[in-house]
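These notes concern the structure reproduced below.
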Amino acid sequence: MTYRQRIIFLICIDSWNVIIAILLSALLVSESYNVFSLTTLISMAVLLISHHFLSFKYKLYKKAWEYASIGELLSTLKVVTISIFITSLAQSIVENKIYFRFLMTSWLLTLFFICGSRLCWRIFRDSFLSKEINKKRTLIVGAGSAGMMVARQLKSNKTTDLLPVGFIDDDDKKQRLDILGIPVVGGVAKIKEAVTKYNIDNIVIAIPSLKKKELNMIFLECAKTSAKTKILPMLEDLVSGKVSVNQFRDVRVEDLLGREPNQLDINSISKSIQNKVVLVTGAGGSIGSEICRQISKFHPKQLILLGHGENSIYLIEMELKEIFKHTNITFIPIIADIQDEQKMMSVITTYQPDVIYHAAAHKHVPLMENNPEEAVKNNLIGTMNVAKAASWNGVKTFVMVSTDKAVNPTSVMGATKRLAEMVIQHMDKESSTKFVAVRFGNVLGSRGSVIPLFKNQIKKGGPVTVTHPDMVRYFMTIPEASRLVIQAGSIANGGEIFVLDMGSPVKIVDLAKNLITLSGNSIEEIGIEFTGIRPGEKLFEELLNIDEVQEQRVHPNIYIGKTSELYMKEIDELLSIFSNLTKEEIKQRLLFITNRKKMDSEMTVIT
């Protein structure tokens with residue numbers, strides 16, 4: 001039906017409704033049963049004209065009644081009420097009398113017929129014209145405003161394949177009620193029962209204000225069923241039209257393991273970055289690239305993207321130029337190896353950065369176990385090259401991205417990062433540059449993360465390989481880790497090792513189970529296989545050594561560790577001879593230096 005045809009149709013329907021309402025009112029209130037009296041005819045004519053005029057004025061004919069709510073009802077009420085008032089004025093002028101009973105009855109009947117005609121059409125369309133064949137029966141978790149919006153759109157959207165059949169809500173006041181004709185079947189604990197009872201195919205979590213812990217609890221209940229679990233996009237995206245009810249996304253492991261958004265000290269970050277020259281090493285990596293994205297939001301004067309891989313640097317440069325094309329930020333891509341001392345000196349001398357975020361490193365534990373000399377060259381010597389160039393050129397702040405594997409390290413990667421921490425703490429004592437390290441655990445979705453491996457194994461049909469059933473790790477999302485790295489740099493005084501609050505550790509086997517369930521498979525179908533701890537791995541990671549621990553927090557999500565003993569003499573000796581050592585000898589030297597204090601204390605206890 002075209003817009004013009006729709007208007008004509010509604011005018012005809014409303015005209016019929018008004019005429020019937022007037023005639024029926026006259027029949028109900030007239031003692032003589034003369035429904036075609038002068039009063040009736042005058043009232044009918046005035047009411048018809050005023051109703052149609054006001055309907056156009058208040059856009060009553062433009063309302064989409066399939067989405068009708070209180071707003072449409074109020075508009076109808078306004079039109080009918082004003083029309084009756086105008087009719088009463090006409091009666092007063094023509095007959096010098098107002099027939100209040102007749103007008104009141106006409107008001108009630110006109111309102112009833114007009115609203116009823118819209119409602120009847122909607123009921124007919126929803127019941128008979130909207131085909132529900134082959135639609136997926138859907139349970140909506142959350143009967144609040146977002147849940148009702150989802151249900152309303154699902155019911156009215158002909159293109160979606162989801163049919164809402166029930167709500168889940170823990171609010172006792174909503175229990176056993178019907179909302180939009182859909183029953184609230186129980187609380188979160190009733191999800192499994194509801195899925196079986198109502199033959200549910202899909203579950204949609206529609207609570208935008210949901211905290212991560214609460215989402216995890218809901219998902220664990222959903223995981224007990226065979227239904228596919230999806231989650232509502234951001235509510236503002238739904239309202240603004242960026243996404244529709246057909247674009248519910250799957251629950252991701254980041255939703256379950258990520259923490260609540262942290263609050264940043266925007267003023268301190270802006271002072272350290274805005275209109276400044278910032279250099280990021282490893283800018284093409286998962287952490288480095290996200291640091292670049294976060295830094296760009298604070299409008300530096302120049303952002304130098306330094307990395308070894310040309311493709312990754314090209315991609316992040318193109319991305320940033322597109323996102324921030326309306327700003328005055330200058331993005332400078334540089335292909336360089338941090339092991340090249342002269343190149344590092346040249347770059348930093350040329351661009352004179354105010355702040356350096358050093359994210360370049362070899363991070364893959366098993367690979368570095370087999371290539372310890374490369375870990376030394378990149379993680380230790382590379383860090384020294386960038387740090388010395390920064391000190392020589394008077395860079396204000398140097399922030400090194402470190403790892404929890406640097407604490408009591410058992411791996412080559414962790415040991416080289418610990419020695420790199422010692423180097424920058426030592427340089428802070430001898431330089432005007434503020435040198436700090438920021439230490440955190442695993443990040444969700446990074447290239448070295450276990451999650452891509454698990455996803456690939458699930459895609460192939462399993463099994464998912466986990467090293468040990470008791471292995472635990474700290475997890476944080478890439479954006480959160482990057483924001484806190486920038487925050488730490490803005491509050492640095494020099495010499496600190498900042499430790500990000502990683503929340504509670506997560507068992508890797510639980511992570512594997514969540515990923516299997518999220519993929520729509522059962523744990524029995526995919527399977528989990530334990531392969532044994534790999535060389536250099538620990539069952540659990542620590543964030544601080546015993547001698548570094550202190551309760552001080554410089555930010556709600558950032559601890560500051562005490563400076564422990566630095567072994568610069570041993571580091572210099574290692575660097576002078578490591579090229580002549582075997583792989584095993586390099587490994588032993590690294591672990592001996594970084595665990596020397598621990599070994600000395602253990603020997604003391606034995607004696």
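The way I read the labels, and the way they are meant: chains A, B, ... in the order of the structure tokens, residue 1 as the first residue of every chain, and ligand 1 as the first ligand shown, with later ones counted on from there.
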task: Considering only C-alpha atoms, return as a ChimeraX atom specification whatever protein or nucleic-acid residues lie within 9 Å of Ile593 (chain A), sequence-local ones (same chain, fewer than 6 positions apart) excluded.
output: /A:415,419,567,570-571
Identify, on the basis of only C-alpha atoms, every residue whose closest approach to Lys78 (chain A) does not exceed 12 Å; exclude the query and any residue fewer than 5 positions from it along the same chain; express the result as JSON, numbers by chain. {"A": [50, 51, 54, 55, 57, 58, 59, 60, 71, 72, 73, 83, 84, 85, 107, 111]}
Output as number ranges by chain all residues of region 226-424 of chain A that backbone DSSP marks as helix (DSSP H, G or I). A: 235-240, 245-247, 253-257, 266-273, 286-296, 310-323, 341-351, 365-370, 372-392, 404-406, 412-424
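Nearest-residue note for Ser270 (chain A): choosing from A:Lys429, A:Lys301, A:Arg534, A:Lys192, the minimum distance belongs to A:Lys301, counting only C-alpha atoms.
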Here CA of Pro183 (chain A) and CA of Leu163 (chain A) stand apart by 13.1 Å
Of A:Asn216, A:Thr403, A:Ser579, A:Asn442, the one nearest to Ile497 (chain A) when counting only C-alpha atoms is A:Thr403
Which polymer residues have any atom within 6 Å of an atom of region 355-367 of chain A, counting only C-alpha atoms, with same-chain residues fewer than 5 positions away left out, as a PyMOL selection string?
-> chain A and resi 278-282+288+379+396-401+413
Written file, previous selection with all heavy atoms, as a CSV table (one decimal), in the first residue's frame:
```csv
chain,number,residue,atom,x,y,z
A,278,VAL,N,55.0,11.7,20.1
A,278,VAL,CA,55.0,10.4,20.8
A,278,VAL,C,55.5,9.4,19.8
A,278,VAL,O,55.1,9.3,18.7
A,278,VAL,CB,53.6,10.0,21.3
A,278,VAL,CG1,53.6,8.7,22.0
A,278,VAL,CG2,53.0,11.1,22.2
A,279,LEU,N,56.4,8.5,20.3
A,279,LEU,CA,56.9,7.4,19.6
A,279,LEU,C,56.5,6.1,20.2
A,279,LEU,O,56.6,5.9,21.4
A,279,LEU,CB,58.5,7.5,19.5
A,279,LEU,CG,59.2,6.4,18.6
A,279,LEU,CD1,60.4,7.1,18.0
A,279,LEU,CD2,59.5,5.2,19.3
A,280,VAL,N,56.0,5.1,19.4
A,280,VAL,CA,55.6,3.8,19.8
A,280,VAL,C,56.5,2.8,19.1
A,280,VAL,O,56.4,2.7,17.8
A,280,VAL,CB,54.1,3.5,19.6
A,280,VAL,CG1,53.8,2.1,20.1
A,280,VAL,CG2,53.3,4.6,20.3
A,281,THR,N,57.3,2.0,19.8
A,281,THR,CA,58.0,0.9,19.1
A,281,THR,C,57.1,-0.3,19.1
A,281,THR,O,56.2,-0.5,20.0
A,281,THR,CB,59.3,0.5,19.9
A,281,THR,OG1,59.0,-0.1,21.1
A,281,THR,CG2,60.1,1.8,20.1
A,282,GLY,N,57.2,-1.2,18.1
A,282,GLY,CA,56.3,-2.3,18.0
A,282,GLY,C,54.9,-1.9,17.7
A,282,GLY,O,54.0,-2.5,18.1
A,288,GLY,N,51.0,-2.8,20.7
A,288,GLY,CA,51.5,-1.5,20.2
A,288,GLY,C,50.5,-0.8,19.3
A,288,GLY,O,50.3,0.5,19.4
A,379,ASN,N,64.9,-8.4,23.2
A,379,ASN,CA,64.2,-7.9,24.4
A,379,ASN,C,65.2,-7.1,25.3
A,379,ASN,O,64.7,-6.2,26.0
A,379,ASN,CB,63.7,-9.1,25.2
A,379,ASN,CG,62.5,-9.8,24.4
A,379,ASN,OD1,62.1,-9.3,23.4
A,379,ASN,ND2,62.1,-10.9,25.0
A,396,LYS,N,61.3,13.0,27.7
A,396,LYS,CA,60.8,13.2,29.0
A,396,LYS,C,60.4,11.9,29.7
A,396,LYS,O,60.8,11.7,30.9
A,396,LYS,CB,59.6,14.1,29.0
A,396,LYS,CG,59.9,15.5,28.5
A,396,LYS,CD,58.6,16.4,28.6
A,396,LYS,CE,58.9,17.8,28.2
A,396,LYS,NZ,59.3,18.0,26.8
A,397,THR,N,59.7,11.0,29.0
A,397,THR,CA,59.2,9.8,29.6
A,397,THR,C,59.4,8.6,28.7
A,397,THR,O,59.1,8.7,27.5
A,397,THR,CB,57.7,9.9,30.0
A,397,THR,OG1,57.5,11.1,30.8
A,397,THR,CG2,57.3,8.7,30.8
A,398,PHE,N,59.9,7.5,29.3
A,398,PHE,CA,60.1,6.3,28.5
A,398,PHE,C,59.3,5.2,29.3
A,398,PHE,O,59.6,4.9,30.5
A,398,PHE,CB,61.6,5.9,28.5
A,398,PHE,CG,61.9,4.6,27.8
A,398,PHE,CD1,62.4,4.6,26.5
A,398,PHE,CD2,61.8,3.4,28.4
A,398,PHE,CE1,62.7,3.5,25.8
A,398,PHE,CE2,62.1,2.2,27.7
A,398,PHE,CZ,62.5,2.2,26.4
A,399,VAL,N,58.3,4.6,28.6
A,399,VAL,CA,57.5,3.6,29.2
A,399,VAL,C,57.7,2.2,28.5
A,399,VAL,O,57.5,2.1,27.3
A,399,VAL,CB,56.0,3.9,29.1
A,399,VAL,CG1,55.1,2.9,29.8
A,399,VAL,CG2,55.7,5.3,29.7
A,400,MET,N,58.2,1.3,29.3
A,400,MET,CA,58.4,-0.1,28.7
A,400,MET,C,57.3,-1.0,29.1
A,400,MET,O,56.9,-1.1,30.2
A,400,MET,CB,59.7,-0.6,29.3
A,400,MET,CG,60.0,-2.1,28.9
A,400,MET,SD,61.3,-2.8,29.9
A,400,MET,CE,60.9,-4.6,29.8
A,401,VAL,N,56.7,-1.7,28.1
A,401,VAL,CA,55.7,-2.7,28.3
A,401,VAL,C,56.4,-4.0,28.7
A,401,VAL,O,57.1,-4.6,27.9
A,401,VAL,CB,54.9,-2.9,27.0
A,401,VAL,CG1,53.8,-4.0,27.2
A,401,VAL,CG2,54.1,-1.6,26.6
A,413,MET,N,62.0,-15.9,27.8
A,413,MET,CA,61.3,-14.6,27.5
A,413,MET,C,61.1,-13.8,28.8
A,413,MET,O,61.4,-12.6,28.8
A,413,MET,CB,59.9,-14.9,26.9
A,413,MET,CG,59.2,-13.7,26.3
A,413,MET,SD,58.3,-12.7,27.5
A,413,MET,CE,56.8,-13.6,27.7
```
request  = Assign secondary structure with DSSP using the backbone only, and return the residues of region 389-579 of chain A in strand (DSSP E or B) as a PyMOL selection string.
outcome  = chain A and resi 397-403+434-440+442-444+464-466+472-473+475-477+497-500+506-507+528-530+553-555+558-561
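The gap separating CA of Leu590 (chain A) from CA of Ser482 (chain A) is 28.1 Å, in Å to one decimal.
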Residues at most 9 Å from Ser117 (chain A), counting only C-alpha atoms, excluding those fewer than 5 positions away in the same chain, as a count of residues only? 5
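Shortest separation to Leu306 (chain A) among A:Lys228, A:Arg4, A:Met368, A:Val386 occurs at residue A:Val386, atoms counted being only C-alpha atoms.
Interatomic distance, CA of Ser25 (chain A) against CA of Thr81 (chain A): 15.6 Å.
When only C-alpha atoms are used to measure the gap to Asn514 (chain A), the shortest distance among A:Leu315, A:Ile528, A:Ala375, A:Leu220 belongs to A:Leu220.
Between Val423 (chain A) and the candidates A:Met471, A:Met568, A:Ile269, A:Ile182, the tightest atom-to-atom separation, counting only C-alpha atoms, involves A:Met568.
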**Item:** Test item: residues at most 9 Å from Ser226 (chain A), only C-alpha atoms, excluding those fewer than 5 positions along its chain, as a ChimeraX atom specification
**Value:** /A:195,200-202,520-522
Store the residues of this selection in a file with all heavy atoms, as a short mmCIF file (atom, residue, chain, number, x, y, z; two decimals), in the first residue's frame.
```
data_model
loop_
_atom_site.label_atom_id
_atom_site.label_comp_id
_atom_site.auth_asym_id
_atom_site.auth_seq_id
_atom_site.Cartn_x
_atom_site.Cartn_y
_atom_site.Cartn_z
N VAL A 195 14.01 -23.25 28.57
CA VAL A 195 14.45 -23.69 27.24
C VAL A 195 13.80 -25.02 26.87
O VAL A 195 13.35 -25.22 25.74
CB VAL A 195 15.99 -23.81 27.19
CG1 VAL A 195 16.45 -24.54 25.94
CG2 VAL A 195 16.62 -22.42 27.24
N ILE A 200 13.06 -23.72 23.15
CA ILE A 200 13.81 -22.52 22.75
C ILE A 200 14.99 -22.89 21.86
O ILE A 200 15.74 -23.83 22.15
CB ILE A 200 14.31 -21.75 24.00
CG1 ILE A 200 13.14 -21.28 24.85
CG2 ILE A 200 15.19 -20.57 23.59
CD1 ILE A 200 12.20 -20.31 24.18
N ASP A 201 15.17 -22.11 20.79
CA ASP A 201 16.33 -22.28 19.89
C ASP A 201 17.42 -21.26 20.18
O ASP A 201 18.60 -21.54 20.04
CB ASP A 201 15.89 -22.12 18.43
CG ASP A 201 14.81 -23.12 18.04
OD1 ASP A 201 15.06 -24.33 18.18
OD2 ASP A 201 13.73 -22.69 17.60
N ASN A 202 17.00 -20.03 20.53
CA ASN A 202 17.95 -18.95 20.74
C ASN A 202 17.68 -18.26 22.07
O ASN A 202 16.52 -18.12 22.48
CB ASN A 202 17.84 -17.90 19.63
CG ASN A 202 18.70 -18.24 18.43
OD1 ASN A 202 18.59 -19.35 17.90
ND2 ASN A 202 19.55 -17.34 18.01
N GLY A 520 29.03 -23.05 20.05
CA GLY A 520 27.83 -23.81 19.73
C GLY A 520 28.02 -25.31 19.80
O GLY A 520 27.14 -26.07 19.39
N ASN A 521 29.16 -25.75 20.31
CA ASN A 521 29.45 -27.18 20.42
C ASN A 521 29.40 -27.60 21.89
O ASN A 521 29.44 -26.77 22.80
CB ASN A 521 30.84 -27.49 19.86
CG ASN A 521 30.96 -27.18 18.39
OD1 ASN A 521 30.42 -27.87 17.55
ND2 ASN A 521 31.66 -26.10 18.06
N SER A 522 29.33 -28.87 22.11
CA SER A 522 29.41 -29.38 23.47
C SER A 522 30.85 -29.80 23.74
O SER A 522 31.62 -30.09 22.82
CB SER A 522 28.48 -30.58 23.65
OG SER A 522 28.96 -31.69 22.90
#
```
